[in-house]
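J.: Quick one: this structure, given as structure tokens, is what I'll be asking you about.
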Amino acid sequence: MKFLPIMDKNTPKEDLELVARLREPSTCREAFGDVIKRYSETLYWQIRRMVNNHDDANDLLQNTFMKAWGAIENFRGDAKLSTWLHKIAINESITFLEKERKRLNISLDDEESFLINTIEADQHIDGDELALKLRKAIASLPEKQRLVFNMKYYDEMKYEQMSEILGTSVGALKASYHLAVKKIEQFFEDND
Amino acid sequence: MKEDKNILDKINRKSGMTVPDNYFADFAEKMMQNLPEKQEPIIAKPPTAWQRVRAYVYLVAMFAGIWCMVKMVDLMGSNTPGTPSEAANSAQILAQAIEDESFISDYCYEDIDEYSLLESMYEDGYEAGDLIIETSY
């Protein structure tokens with residue numbers, strides 16, 4: 001029996017076809033190769049903006065796809081494929097940051113300086129000073145606001161999809177983004 | 001807010017961080033190489049006819065056993081004295097016996113004497129010689 005994915009009307013046609021191929025044992029592996037090609041860049045930047053380091057982002061991206069591959073049979077198809085992958089990537093990033101905090105014995109109050117140090121040590125930067133300053137401003141935000149800001153500002157994600165990924169109401173996400181923008185504004189004023 | 005919006009608008013969203021050359025193409029290739037093979041799902045063998053009906057057969061056998069036990073208990077109960085049906089049957093036999101006069105004379109008159117018995121036999125046409133039993137040694 002062929003699997004018919006049930007997704008919302010906004011699901012791209014390519015995703016529907018991809019999910020159907022993922023459900024077929026004969027085409028599953030090849031289809032997952034297409035998933036990697038299609039989503040690796042988006043997921044990489046989401047992870048990279050959270051951990052601020054290429055090598056860690058690379059490892060976490062691999063873990064994300066490994067976990068997705070391991071659990072592909074459990075993907076029911078009632079959510080967007082991208083939403084499912086973003087959830088895995090965010091969980092991987094948050095878990096990694098928690099482990100790093102524990103490993104280096106860093107409190108939540110010291111996280112900002114830890115992230116700024118990571119940003120400054122990052123080898124893969126293009127030298128754009130304003131962009132670097134924005135990264136530091138983002139590093140000063142609490143974890144949830146940082147996530148919301150990155151998803152909205154960089155990925156230009158809709159609040160509805162963010163709500164599905166983060167499990168937070170649209171209203172709370174809007175408020176969170178608004179607060180994040182205010183804090184970034186304040187950071188730019190203070191570090192002018 | 002407006003000023004802040006201007007600050008954010010000034011920044012190129014794609015700038016700031018870089019990746020090694022050809023990173024994403026290489027990543028996809030390496031990822032596919034490292035991806036473990038999926039094990040084929042174990043397809044269960046179709047059940048045999050006996051396996052399909054076994055449960056029903058057991059169920060039927062169980063009910064048949066219970067029915068036999070109930071029937072046996074019922075049969076044993078009907079042969080046990082003292083049941084109402086048995087008492088009614090005994091009363092009927094007793095009534096028939098009382099109505100039969102010979103039954104009363106044969107089984108109930110135990111205190112009849114020898115003279116009365118001979119007299120009764122004479123009345124019935126028996127002679128005294130008829131009562132002598134010849135014996136030979």
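Identifiers for the structure tokens are assigned positionally: chains receive A, B, ... in sequence, residues are indexed from 1 per chain, and ligands are indexed from 1 in the order shown.
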At a cut-off of 12 Å, using only C-alpha atoms, what residues contact region 134-137 of chain A? Leave out same-chain residues fewer than 3 positions from it and give the result as a PyMOL selection string.

T.: (chain A and resi 48-53+111-120+122+125+128-131+140-142+145-146+149-150+153-154+180-192) or (chain B and resi 4+7-13+15-17)

J.: One decimal, in Å: what's the spacing between CA of Trp69 (chain A) and CA of Leu35 (chain B)?

T.: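 Interatomic distance, CA of Trp69 (chain A) to CA of Leu35 (chain B): 7.9 Å.
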
J.: Residues at most 10 Å from Ala89 (chain A), counting only C-alpha atoms, excluding those fewer than 2 positions away in the same chain, as a count of residues only?

T.: 23

J.: Just how far from CA of Trp45 (chain A) is CA of Gly127 (chain A), in Å to one decimal?

T.: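 Between CA of Gly127 (chain A) and CA of Trp45 (chain A) the gap is 17.5 Å.
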